>>> print(open('model-v1.cif').read())   # mmCIF, C-alpha atoms
data_coords
#
loop_
_atom_site.label_atom_id
_atom_site.label_comp_id
_atom_site.auth_asym_id
_atom_site.auth_seq_id
_atom_site.Cartn_x
_atom_site.Cartn_y
_atom_site.Cartn_z
CA MET A 1 -54.21 47.71 -50.69
CA ARG A 2 -53.12 47.56 -47.08
CA THR A 3 -55.47 46.48 -44.32
CA ARG A 4 -57.80 49.34 -43.60
CA GLY A 5 -57.41 51.17 -40.34
CA THR A 6 -57.81 54.74 -39.20
CA LEU A 7 -55.75 57.09 -41.34
CA ARG A 8 -54.19 59.85 -39.23
CA LEU A 9 -53.55 62.97 -41.31
CA ALA A 10 -51.82 66.09 -40.02
CA THR A 11 -53.15 69.57 -40.76
CA ARG A 12 -52.51 73.10 -39.63
CA GLY A 13 -55.02 74.51 -37.18
CA SER A 14 -56.25 77.58 -39.06
CA ASP A 15 -59.88 77.67 -40.11
CA LEU A 16 -58.97 77.42 -43.80
CA ALA A 17 -56.51 74.58 -43.22
CA ARG A 18 -59.16 72.61 -41.31
CA ARG A 19 -61.73 73.24 -44.04
CA GLN A 20 -59.28 71.99 -46.67
CA ALA A 21 -58.40 68.97 -44.57
CA ALA A 22 -62.11 68.24 -44.18
CA LEU A 23 -62.41 68.03 -47.97
CA VAL A 24 -59.75 65.32 -48.02
CA GLN A 25 -61.32 63.58 -45.03
CA GLU A 26 -64.74 63.56 -46.69
CA ALA A 27 -63.34 62.13 -49.93
CA LEU A 28 -61.66 59.29 -48.04
CA GLU A 29 -64.66 58.58 -45.85
CA GLU A 30 -66.79 58.26 -48.98
CA ARG A 31 -64.50 55.35 -49.83
CA ARG A 32 -65.20 53.93 -46.36
CA TYR A 33 -61.92 54.89 -44.75
CA GLU A 34 -61.82 56.16 -41.20
CA VAL A 35 -59.84 59.38 -40.97
CA GLU A 36 -58.55 61.26 -37.93
CA LEU A 37 -57.28 64.81 -38.45
CA VAL A 38 -54.35 65.76 -36.21
CA THR A 39 -53.85 69.50 -35.72
CA VAL A 40 -50.24 70.70 -35.63
CA GLU A 41 -49.13 74.25 -34.83
CA THR A 42 -46.29 75.22 -37.15
CA THR A 43 -43.48 77.77 -36.92
CA GLY A 44 -45.43 80.06 -39.23
CA ASP A 45 -48.44 79.90 -36.91
CA GLN A 46 -46.38 80.65 -33.82
CA ILE A 47 -44.67 83.80 -35.17
CA ARG A 48 -47.77 85.83 -35.82
CA ASP A 49 -46.24 89.30 -35.74
CA GLU A 50 -43.70 88.70 -38.49
CA LEU A 51 -44.24 89.01 -42.21
CA ILE A 52 -44.03 85.60 -43.77
CA HIS A 53 -40.98 86.50 -45.87
CA ARG A 54 -39.06 87.31 -42.67
CA LEU A 55 -39.69 84.03 -40.91
CA GLY A 56 -36.28 82.87 -42.02
CA LYS A 57 -37.24 79.28 -42.69
CA THR A 58 -38.38 77.88 -46.00
CA GLY A 59 -41.51 75.81 -45.49
CA ALA A 60 -42.38 77.44 -42.18
CA PHE A 61 -45.97 76.22 -42.59
CA VAL A 62 -45.04 72.74 -43.86
CA ARG A 63 -42.01 71.17 -42.20
CA GLU A 64 -43.52 70.37 -38.81
CA LEU A 65 -46.39 68.47 -40.42
CA ASP A 66 -44.03 66.36 -42.52
CA GLU A 67 -41.83 65.73 -39.49
CA ARG A 68 -44.81 64.09 -37.78
CA ILE A 69 -44.97 61.63 -40.69
CA LEU A 70 -41.28 60.78 -40.44
CA GLU A 71 -41.62 60.29 -36.69
CA GLY A 72 -44.47 57.83 -37.27
CA GLU A 73 -47.06 59.92 -35.44
CA VAL A 74 -49.31 60.30 -38.49
CA ASP A 75 -49.81 58.55 -41.83
CA GLY A 76 -49.78 61.68 -43.95
CA ALA A 77 -50.14 65.45 -44.01
CA ILE A 78 -52.41 67.83 -45.92
CA HIS A 79 -50.84 71.00 -47.33
CA SER A 80 -51.70 73.93 -49.51
CA MET A 81 -49.37 73.08 -52.37
CA LYS A 82 -48.19 76.67 -52.87
CA ASP A 83 -46.73 76.61 -49.34
CA MET A 84 -44.56 73.57 -50.03
CA PRO A 85 -40.82 73.89 -50.71
CA THR A 86 -39.76 72.25 -53.96
CA ASP A 87 -37.38 70.01 -52.02
CA GLN A 88 -38.62 67.51 -49.45
CA PRO A 89 -37.15 64.61 -47.46
CA GLU A 90 -36.24 61.63 -49.64
CA GLU A 91 -38.56 59.31 -47.71
CA LEU A 92 -41.61 61.44 -48.49
CA VAL A 93 -43.63 61.74 -51.69
CA THR A 94 -46.56 63.85 -52.77
CA ALA A 95 -48.92 60.91 -52.55
CA ALA A 96 -52.00 62.70 -53.88
CA VAL A 97 -53.04 65.91 -55.57
CA PRO A 98 -56.84 66.19 -55.28
CA GLU A 99 -58.78 68.13 -57.89
CA ARG A 100 -57.53 71.69 -57.87
CA GLY A 101 -59.62 74.69 -56.90
CA ARG A 102 -59.53 77.98 -58.79
CA PRO A 103 -55.85 78.86 -59.24
CA GLY A 104 -56.05 82.64 -59.60
CA ASP A 105 -56.05 85.69 -57.34
CA VAL A 106 -58.87 88.11 -56.62
CA LEU A 107 -58.89 91.82 -55.83
CA VAL A 108 -61.25 92.49 -52.92
CA THR A 109 -62.55 96.02 -52.32
CA PRO A 110 -65.27 97.49 -50.09
CA ASP A 111 -67.20 98.69 -53.15
CA GLY A 112 -66.39 96.24 -55.95
CA ALA A 113 -63.86 98.48 -57.72
CA THR A 114 -61.51 96.95 -60.29
CA LEU A 115 -57.74 97.36 -60.20
CA GLY A 116 -57.96 100.10 -62.82
CA GLU A 117 -60.67 101.92 -60.89
CA LEU A 118 -58.68 102.26 -57.67
CA PRO A 119 -57.77 105.91 -56.94
CA ASP A 120 -54.25 107.21 -57.52
CA GLY A 121 -51.98 106.17 -54.66
CA ALA A 122 -54.47 103.62 -53.33
CA THR A 123 -53.29 101.30 -50.55
CA VAL A 124 -53.43 97.59 -51.39
CA GLY A 125 -52.70 94.89 -48.82
CA THR A 126 -50.63 91.76 -49.44
CA SER A 127 -47.58 90.09 -47.89
CA SER A 128 -46.75 88.22 -51.10
CA LEU A 129 -43.67 89.40 -52.99
CA ARG A 130 -45.20 88.09 -56.20
CA ARG A 131 -48.47 89.95 -55.78
CA ARG A 132 -46.64 93.11 -54.77
CA ALA A 133 -44.47 93.05 -57.90
CA GLN A 134 -47.43 92.30 -60.15
CA LEU A 135 -49.50 95.11 -58.64
CA LEU A 136 -46.69 97.63 -59.03
CA SER A 137 -46.01 96.45 -62.57
CA GLU A 138 -49.65 97.20 -63.43
CA ARG A 139 -50.06 100.29 -61.22
CA PRO A 140 -46.73 101.85 -60.11
CA ASP A 141 -48.65 104.52 -58.19
CA LEU A 142 -50.07 102.05 -55.66
CA GLU A 143 -48.95 101.82 -52.05
CA VAL A 144 -48.59 98.11 -51.30
CA GLU A 145 -48.68 97.45 -47.56
CA PRO A 146 -48.12 94.23 -45.57
CA LEU A 147 -51.15 92.11 -44.70
CA ARG A 148 -51.23 88.88 -42.70
CA GLY A 149 -53.82 86.77 -40.96
CA ASN A 150 -56.55 84.30 -41.76
CA VAL A 151 -58.86 85.05 -44.68
CA ASP A 152 -61.55 86.49 -42.40
CA THR A 153 -58.97 88.56 -40.53
CA ARG A 154 -57.68 90.09 -43.74
CA LEU A 155 -61.19 90.86 -44.92
CA GLU A 156 -62.05 92.45 -41.57
CA LYS A 157 -59.00 94.69 -41.88
CA LEU A 158 -60.21 95.81 -45.30
CA LEU A 159 -63.83 96.44 -44.29
CA ALA A 160 -63.20 97.97 -40.86
CA PRO A 161 -62.67 101.66 -41.78
CA SER A 162 -65.77 102.07 -43.94
CA LEU A 163 -68.02 100.09 -41.57
CA GLN A 164 -66.80 101.99 -38.53
CA ALA A 165 -67.35 105.30 -40.31
CA GLU A 166 -70.89 104.27 -41.25
CA HIS A 167 -71.57 103.11 -37.70
CA GLN A 168 -70.47 106.50 -36.39
CA GLU A 169 -72.71 108.33 -38.88
CA ARG A 170 -75.70 106.17 -38.04
CA SER A 171 -75.14 106.60 -34.30
CA GLU A 172 -75.10 110.38 -34.68
CA ALA A 173 -78.21 110.19 -36.86
CA ASP A 174 -79.96 108.18 -34.14
CA LYS A 175 -79.14 110.85 -31.56
CA GLU A 176 -80.56 113.47 -33.89
CA ARG A 177 -83.67 111.35 -34.46
CA LYS A 178 -84.23 111.02 -30.71
CA GLY A 179 -83.75 114.76 -30.26
CA ASN A 180 -86.49 115.51 -32.77
CA VAL A 181 -89.19 113.16 -31.52
CA GLY A 182 -92.56 114.80 -32.14
CA ASP A 183 -91.26 117.09 -34.88
CA ASP A 184 -93.43 116.22 -37.90
CA ASP A 185 -91.15 118.15 -40.26
CA PHE A 186 -88.02 116.23 -39.30
CA GLU A 187 -86.78 113.77 -41.93
CA PRO A 188 -84.27 111.24 -40.56
CA GLU A 189 -81.13 110.57 -42.60
CA TYR A 190 -81.62 106.81 -42.33
CA ASP A 191 -84.81 104.75 -42.39
CA ARG A 192 -83.50 102.25 -39.84
CA THR A 193 -81.93 102.68 -36.43
CA VAL A 194 -78.29 101.84 -35.88
CA ASP A 195 -79.32 98.76 -33.88
CA ASP A 196 -81.45 97.45 -36.75
CA TRP A 197 -78.57 98.09 -39.15
CA PHE A 198 -76.15 96.25 -36.86
CA ASP A 199 -78.45 93.25 -36.52
CA ASP A 200 -78.44 92.79 -40.31
CA LEU A 201 -74.64 92.73 -40.58
CA SER A 202 -72.86 89.47 -41.33
CA GLU A 203 -70.56 87.92 -38.74
CA LEU A 204 -67.62 89.07 -40.86
CA GLU A 205 -68.89 92.67 -40.85
CA LYS A 206 -69.54 92.58 -37.11
CA GLY A 207 -65.97 91.38 -36.61
CA ALA A 208 -64.68 94.24 -38.74
CA LEU A 209 -66.71 96.74 -36.75
CA GLY A 210 -64.84 95.79 -33.59
CA ARG A 211 -61.37 95.63 -35.14
CA GLU A 212 -58.70 98.23 -34.36
CA VAL A 213 -57.64 99.95 -37.58
CA GLU A 214 -53.89 100.20 -38.12
CA THR A 215 -53.78 100.54 -41.92
CA GLU A 216 -56.64 101.70 -44.12
CA TYR A 217 -56.66 99.46 -47.19
CA ASP A 218 -58.47 100.41 -50.37
CA ALA A 219 -58.15 96.82 -51.59
CA ILE A 220 -56.48 93.51 -50.75
CA VAL A 221 -55.42 90.57 -52.92
CA LEU A 222 -56.26 86.99 -51.95
CA ALA A 223 -56.20 83.54 -53.53
CA GLU A 224 -59.65 82.84 -54.95
CA ALA A 225 -59.53 79.22 -53.77
CA GLY A 226 -58.92 80.35 -50.20
CA LEU A 227 -61.84 82.77 -50.37
CA GLU A 228 -64.12 80.05 -51.74
CA ARG A 229 -63.05 77.38 -49.25
CA SER A 230 -63.59 79.84 -46.40
CA GLY A 231 -67.19 80.24 -47.55
CA LEU A 232 -66.85 84.02 -47.90
CA THR A 233 -67.36 84.64 -51.62
CA HIS A 234 -70.87 85.96 -50.96
CA SER A 235 -69.74 88.23 -48.13
CA VAL A 236 -67.50 90.61 -50.09
CA ASP A 237 -67.13 92.35 -53.45
CA TYR A 238 -64.24 91.03 -55.53
CA GLN A 239 -62.84 90.94 -59.04
CA GLN A 240 -61.07 87.92 -60.53
CA LEU A 241 -57.54 88.60 -61.76
CA SER A 242 -56.80 86.56 -64.88
CA PRO A 243 -54.23 83.83 -64.14
CA THR A 244 -52.71 84.30 -67.59
CA THR A 245 -51.83 87.95 -66.88
CA PHE A 246 -51.74 88.15 -63.07
CA VAL A 247 -49.91 84.83 -62.94
CA PRO A 248 -50.49 82.90 -59.68
CA ALA A 249 -47.97 81.16 -57.47
CA PRO A 250 -47.02 77.64 -58.56
CA GLY A 251 -49.52 75.18 -57.14
CA GLN A 252 -51.97 77.86 -55.99
CA GLY A 253 -55.45 76.46 -55.44
CA ALA A 254 -54.17 72.88 -55.15
CA LEU A 255 -53.87 70.64 -52.12
CA ALA A 256 -51.17 68.04 -51.64
CA VAL A 257 -51.16 64.99 -49.37
CA THR A 258 -47.66 63.87 -48.40
CA ALA A 259 -46.77 60.43 -47.04
CA VAL A 260 -43.85 58.04 -46.75
CA ASP A 261 -43.17 56.36 -50.09
CA GLY A 262 -44.88 52.98 -49.89
CA GLU A 263 -48.25 51.27 -49.59
CA THR A 264 -50.07 54.08 -47.80
CA ALA A 265 -48.87 56.59 -50.38
CA ASP A 266 -50.03 54.27 -53.16
CA ASP A 267 -53.46 53.96 -51.56
CA LEU A 268 -53.80 57.73 -51.18
CA GLN A 269 -52.89 58.24 -54.81
CA THR A 270 -55.47 55.70 -55.96
CA LEU A 271 -58.17 57.23 -53.79
CA LEU A 272 -57.52 60.97 -54.16
CA ASP A 273 -55.26 61.84 -57.07
CA HIS A 274 -56.66 63.99 -59.89
CA PRO A 275 -54.45 63.36 -62.97
CA ARG A 276 -55.06 66.73 -64.64
CA SER A 277 -54.28 68.65 -61.45
CA ARG A 278 -51.19 66.48 -60.91
CA VAL A 279 -49.80 67.25 -64.39
CA GLU A 280 -50.52 70.98 -64.27
CA THR A 281 -49.00 71.49 -60.83
CA THR A 282 -46.01 69.29 -61.69
CA VAL A 283 -45.24 71.65 -64.57
CA GLU A 284 -45.55 74.67 -62.30
CA ARG A 285 -43.39 73.30 -59.50
CA THR A 286 -40.79 71.91 -61.92
CA VAL A 287 -40.33 75.37 -63.45
CA LEU A 288 -40.07 76.84 -59.95
CA ALA A 289 -37.51 74.25 -58.85
CA GLU A 290 -35.37 74.71 -61.96
CA LEU A 291 -35.36 78.50 -61.64
CA GLY A 292 -34.44 78.12 -57.98
CA GLY A 293 -36.13 81.28 -56.80
CA GLY A 294 -39.28 80.03 -55.14
CA CYS A 295 -38.53 81.43 -51.72
CA ILE A 296 -36.70 84.60 -52.65
CA ALA A 297 -38.10 86.07 -55.86
CA PRO A 298 -41.51 87.17 -57.20
CA ILE A 299 -42.35 84.28 -59.54
CA GLY A 300 -45.67 83.28 -61.05
CA VAL A 301 -46.19 80.02 -62.93
CA TYR A 302 -49.49 78.80 -64.35
CA GLY A 303 -50.08 75.58 -66.26
CA VAL A 304 -53.31 74.47 -67.90
CA ILE A 305 -53.84 71.38 -70.06
CA GLN A 306 -55.11 72.15 -73.54
CA GLY A 307 -55.49 68.95 -75.51
CA GLU A 308 -52.11 67.23 -75.86
CA TYR A 309 -50.19 70.17 -74.39
CA VAL A 310 -49.81 72.02 -71.11
CA ARG A 311 -49.90 75.76 -71.74
CA ALA A 312 -47.34 77.13 -69.29
CA THR A 313 -47.17 80.85 -68.50
CA VAL A 314 -44.33 82.23 -66.40
CA THR A 315 -43.47 85.68 -65.06
CA VAL A 316 -40.37 86.56 -63.05
CA PHE A 317 -40.15 90.07 -61.59
CA ASP A 318 -37.76 92.17 -59.63
CA ARG A 319 -39.19 93.15 -56.26
CA ASP A 320 -40.61 96.48 -57.41
CA GLY A 321 -42.22 95.14 -60.58
CA GLU A 322 -40.05 97.35 -62.77
CA GLU A 323 -38.24 94.56 -64.61
CA SER A 324 -39.62 91.21 -65.68
CA VAL A 325 -39.10 88.17 -67.85
CA ALA A 326 -42.34 86.67 -69.12
CA ALA A 327 -43.16 83.92 -71.60
CA SER A 328 -45.68 81.20 -72.46
CA ARG A 329 -45.02 77.83 -74.08
CA ASP A 330 -46.98 74.72 -75.02
CA LEU A 331 -45.38 71.68 -73.37
CA PRO A 332 -46.22 68.14 -74.55
CA VAL A 333 -48.24 66.31 -71.88
CA GLU A 334 -46.35 63.04 -72.41
CA ARG A 335 -43.06 64.68 -71.39
CA HIS A 336 -44.37 67.59 -69.36
CA ALA A 337 -41.78 67.49 -66.56
CA GLU A 338 -38.80 67.34 -68.92
CA ALA A 339 -40.29 70.04 -71.14
CA ALA A 340 -40.89 72.24 -68.07
CA ARG A 341 -37.21 71.94 -67.12
CA GLU A 342 -36.20 72.98 -70.63
CA PHE A 343 -38.59 75.93 -70.54
CA ALA A 344 -37.17 77.05 -67.20
CA ALA A 345 -33.61 76.84 -68.55
CA ASP A 346 -34.56 79.06 -71.48
CA LEU A 347 -36.16 81.58 -69.14
CA ALA A 348 -33.04 81.61 -66.98
CA ASP A 349 -30.90 82.37 -70.05
CA ARG A 350 -33.31 85.16 -71.07
CA GLY A 351 -32.72 87.05 -67.82
CA ALA A 352 -34.80 85.30 -65.21
CA ALA A 353 -31.66 84.02 -63.47
CA LYS A 354 -30.32 87.56 -63.19
CA LEU A 355 -33.54 88.79 -61.58
CA ILE A 356 -33.53 85.87 -59.14
CA ASP A 357 -29.88 86.46 -58.22
CA ALA A 358 -30.65 90.12 -57.54
CA ALA A 359 -33.60 89.11 -55.36
CA ARG A 360 -31.36 86.67 -53.48
CA GLU A 361 -28.96 89.48 -52.65
CA ASP A 362 -31.82 91.60 -51.33
CA ALA A 363 -33.44 88.85 -49.27
CA GLU A 364 -33.66 89.48 -45.51
CA PRO A 365 -33.67 86.49 -45.01
CA ALA A 366 -35.22 84.19 -47.63
CA PRO A 367 -38.84 85.23 -48.21
CA GLU A 368 -41.71 83.02 -49.18
CA GLU A 369 -45.34 83.48 -50.09
CA GLN A 370 -47.97 84.00 -47.41
CA PRO A 371 -49.82 80.71 -47.07
CA GLU A 372 -53.01 80.52 -49.03
CA GLY A 373 -55.46 82.53 -47.04
CA LYS A 374 -54.30 81.25 -43.68
#
>>> encode(input="model-v1.cif", output="structure tokens")
Amino acid sequence: MRTRGTLRLATRGSDLARRQAALVQEALEERRYEVELVTVETTGDQIRDELIHRLGKTGAFVRELDERILEGEVDGAIHSMKDMPTDQPEELVTAAVPERGRPGDVLVTPDGATLGELPDGATVGTSSLRRRAQLLSERPDLEVEPLRGNVDTRLEKLLAPSLQAEHQERSEADKERKGNVGDDDFEPEYDRTVDDWFDDLSELEKGALGREVETEYDAIVLAEAGLERSGLTHSVDYQQLSPTTFVPAPGQGALAVTAVDGETADDLQTLLDHPRSRVETTVERTVLAELGGGCIAPIGVYGVIQGEYVRATVTVFDRDGEESVAASRDLPVERHAEAAREFAADLADRGAAKLIDAAREDAEPAPEEQPEGK
């Protein structure tokens, strides 16, 4: 290994990105490495009022971090793997894939309702083309509306209408309570005052109470790993969406540490790499790269090692979820990348290529997934 010094690793500045970077930092510091996290604001962070698929630049949340590596300002960069383009500069490698978090999506609702329990015409928030197509494939009656922001911002947007309505009701009840002081026959609607109720709210709920409501969402869809890493799983009601049916984005739930090919990259791989996560995400990203539609078409790819095989499940949709090509295949672990390319070629011949070409024609400009919970 090289002489130990302080490793400088670039990260985005969002709360979730910093939390994820801290996981990498902690793992390295446990091996007695000094780590400095360098925050970089990316194109995707700067253009906050645009949907991610209209940013017009593949890797809008990735490129600037990797450029810092090439310029010698940092030793590596920490990414959410699902944000990464399948192509990257020749000098760079994915040095490490730490152990993956939960790969699937979750449906978050104010009351814990499942997808099937949502009312007819319910409004669901997501800015992901994949999630939109999958939702409409399952429930064509849904209204799928754009949703951006950090994980807590998205959750506040979901919770705001119901909390604000309850606050209004409790405030009116308090006025009525005060107007009936001394009336022994009066029975208040609520046992507690609105102030007591407010004091018991979580910080997330208090944030929602003060948020201006533009769209009333009945539900939103998020990456489960992003929800967990944000520490908010106990703050909301959610339902897990099975990754074998509601197939996640390639690499979802995984982190990737990029570096210049060489000694530092080798060290990072030795210290951080999780072989199972590396194999599974390699299958997913290889399928994505071979299909060539990662930034313009709704594509889900999910790989999971089962003994000597990687069970790969793929869905390719049109943008409205009306047409799809879906298949699963067991790929031998010892030749998983080659087998993934063959699987992708078969899917292309079965109609996936046609759906991706149609999506390419509709692109305005090339869309890409909203970063994981950022």
>>> resolve_selection(input="model-v1.cif", expression="the PyMOL selection byres ((chain A and resi 285) around 10)", output="ChimeraX atom specification")
/A:81-82,84-86,249-251,280-284,286-291,294,301-303,337,340-341
>>> residues_around(input="model-v1.cif", residues="Glu187 of chain A", least_positions_apart="2", cutoff="12 Å", atoms="all atoms listed in the file", output="ChimeraX atom specification")
/A:173-174,176-178,180-185,189-191
>>> residues_around(input="model-v1.cif", residues="Ala160 of chain A", least_positions_apart="5", cutoff="10 Å", atoms="all atoms listed in the file", output="list in words")
Pro110, Leu155, Ala165, Glu166, Leu204, Glu205, Lys206, Gly207, Ala208, Leu209, Gly210, Arg211, Glu212, Val213, Glu214, Thr215, Glu216 and Tyr217 of chain A
>>> residues_around(input="model-v1.cif", residues="Arg31 of chain A", least_positions_apart="5", cutoff="12 Å", atoms="all atoms listed in the file", output="PDB file with C-alpha atoms, in the frame of the given file")
ATOM      1  CA  ARG A   4     -57.800  49.340 -43.600  1.00  0.00           C
ATOM      2  CA  VAL A  24     -59.750  65.320 -48.020  1.00  0.00           C
ATOM      3  CA  GLN A  25     -61.320  63.580 -45.030  1.00  0.00           C
ATOM      4  CA  GLU A  26     -64.740  63.560 -46.690  1.00  0.00           C
ATOM      5  CA  ASP A 267     -53.460  53.960 -51.560  1.00  0.00           C
ATOM      6  CA  LEU A 268     -53.800  57.730 -51.180  1.00  0.00           C
ATOM      7  CA  THR A 270     -55.470  55.700 -55.960  1.00  0.00           C
ATOM      8  CA  LEU A 271     -58.170  57.230 -53.790  1.00  0.00           C
ATOM      9  CA  LEU A 272     -57.520  60.970 -54.160  1.00  0.00           C
TER      10      LEU A 272
END
>>> closest_residue(input="model-v1.cif", among="A:Leu9, A:Ile299, A:Ile356, A:Val194", to="Arg132 of chain A", atoms="only C-alpha atoms")
A:Ile299
>>> closest_residue(input="model-v1.cif", among="A:Asp266, A:Glu36, A:Asp141, A:Glu117", to="Val74 of chain A", atoms="all atoms listed in the file")
A:Glu36
>>> decode(input="model-v1.cif", residues="segment 278-297 of chain A", atoms="N, CA, C and O atoms", output="compact mmCIF listing (two decimals), in the first residue's frame")
# COMPACT_ATOMS: atom_id res chain seq x y z
N ARG A 278 -20.53 -5.66 -5.42
CA ARG A 278 -19.81 -5.37 -6.67
C ARG A 278 -20.38 -6.21 -7.82
O ARG A 278 -20.66 -5.68 -8.89
N VAL A 279 -20.56 -7.51 -7.60
CA VAL A 279 -21.06 -8.39 -8.66
C VAL A 279 -22.48 -8.02 -9.06
O VAL A 279 -22.82 -7.90 -10.24
N GLU A 280 -23.34 -7.83 -8.07
CA GLU A 280 -24.75 -7.55 -8.37
C GLU A 280 -24.91 -6.24 -9.12
O GLU A 280 -25.67 -6.16 -10.11
N THR A 281 -24.20 -5.20 -8.69
CA THR A 281 -24.33 -3.91 -9.38
C THR A 281 -23.63 -3.92 -10.74
O THR A 281 -24.05 -3.21 -11.65
N THR A 282 -22.58 -4.72 -10.88
CA THR A 282 -21.95 -4.85 -12.20
C THR A 282 -22.92 -5.44 -13.21
O THR A 282 -23.01 -4.98 -14.35
N VAL A 283 -23.67 -6.45 -12.79
CA VAL A 283 -24.70 -7.02 -13.67
C VAL A 283 -25.70 -5.95 -14.06
O VAL A 283 -26.05 -5.79 -15.25
N GLU A 284 -26.18 -5.20 -13.09
CA GLU A 284 -27.21 -4.19 -13.36
C GLU A 284 -26.71 -3.12 -14.32
O GLU A 284 -27.39 -2.75 -15.29
N ARG A 285 -25.52 -2.61 -14.06
CA ARG A 285 -25.00 -1.52 -14.89
C ARG A 285 -24.55 -2.02 -16.26
O ARG A 285 -24.58 -1.27 -17.24
N THR A 286 -24.13 -3.28 -16.35
CA THR A 286 -23.78 -3.84 -17.66
C THR A 286 -25.01 -3.95 -18.54
O THR A 286 -24.98 -3.61 -19.73
N VAL A 287 -26.12 -4.43 -17.98
CA VAL A 287 -27.37 -4.49 -18.74
C VAL A 287 -27.77 -3.10 -19.20
O VAL A 287 -28.14 -2.87 -20.36
N LEU A 288 -27.69 -2.13 -18.28
CA LEU A 288 -28.05 -0.75 -18.62
C LEU A 288 -27.17 -0.22 -19.75
O LEU A 288 -27.67 0.39 -20.71
N ALA A 289 -25.87 -0.45 -19.65
CA ALA A 289 -24.95 0.06 -20.67
C ALA A 289 -25.22 -0.57 -22.02
O ALA A 289 -25.18 0.10 -23.07
N GLU A 290 -25.49 -1.88 -22.04
CA GLU A 290 -25.71 -2.57 -23.30
C GLU A 290 -27.02 -2.13 -23.96
O GLU A 290 -27.11 -1.99 -25.17
N LEU A 291 -28.05 -1.89 -23.14
CA LEU A 291 -29.32 -1.42 -23.70
C LEU A 291 -29.21 0.02 -24.17
O LEU A 291 -29.91 0.44 -25.08
N GLY A 292 -28.35 0.79 -23.52
CA GLY A 292 -28.08 2.15 -23.99
C GLY A 292 -29.19 3.13 -23.72
O GLY A 292 -29.26 4.16 -24.37
N GLY A 293 -30.03 2.86 -22.75
CA GLY A 293 -31.15 3.77 -22.51
C GLY A 293 -31.19 4.34 -21.11
O GLY A 293 -32.23 4.81 -20.66
N GLY A 294 -30.05 4.32 -20.42
CA GLY A 294 -30.06 4.70 -19.02
C GLY A 294 -30.50 6.11 -18.75
O GLY A 294 -31.08 6.39 -17.70
N CYS A 295 -30.27 7.02 -19.66
CA CYS A 295 -30.62 8.41 -19.38
C CYS A 295 -31.80 8.90 -20.20
O CYS A 295 -32.11 10.08 -20.21
N ILE A 296 -32.49 7.97 -20.88
CA ILE A 296 -33.62 8.44 -21.68
C ILE A 296 -34.85 7.56 -21.60
O ILE A 296 -35.90 7.94 -22.10
N ALA A 297 -34.75 6.40 -20.97
CA ALA A 297 -35.89 5.48 -20.97
C ALA A 297 -36.14 4.94 -19.56
O ALA A 297 -35.22 4.84 -18.76
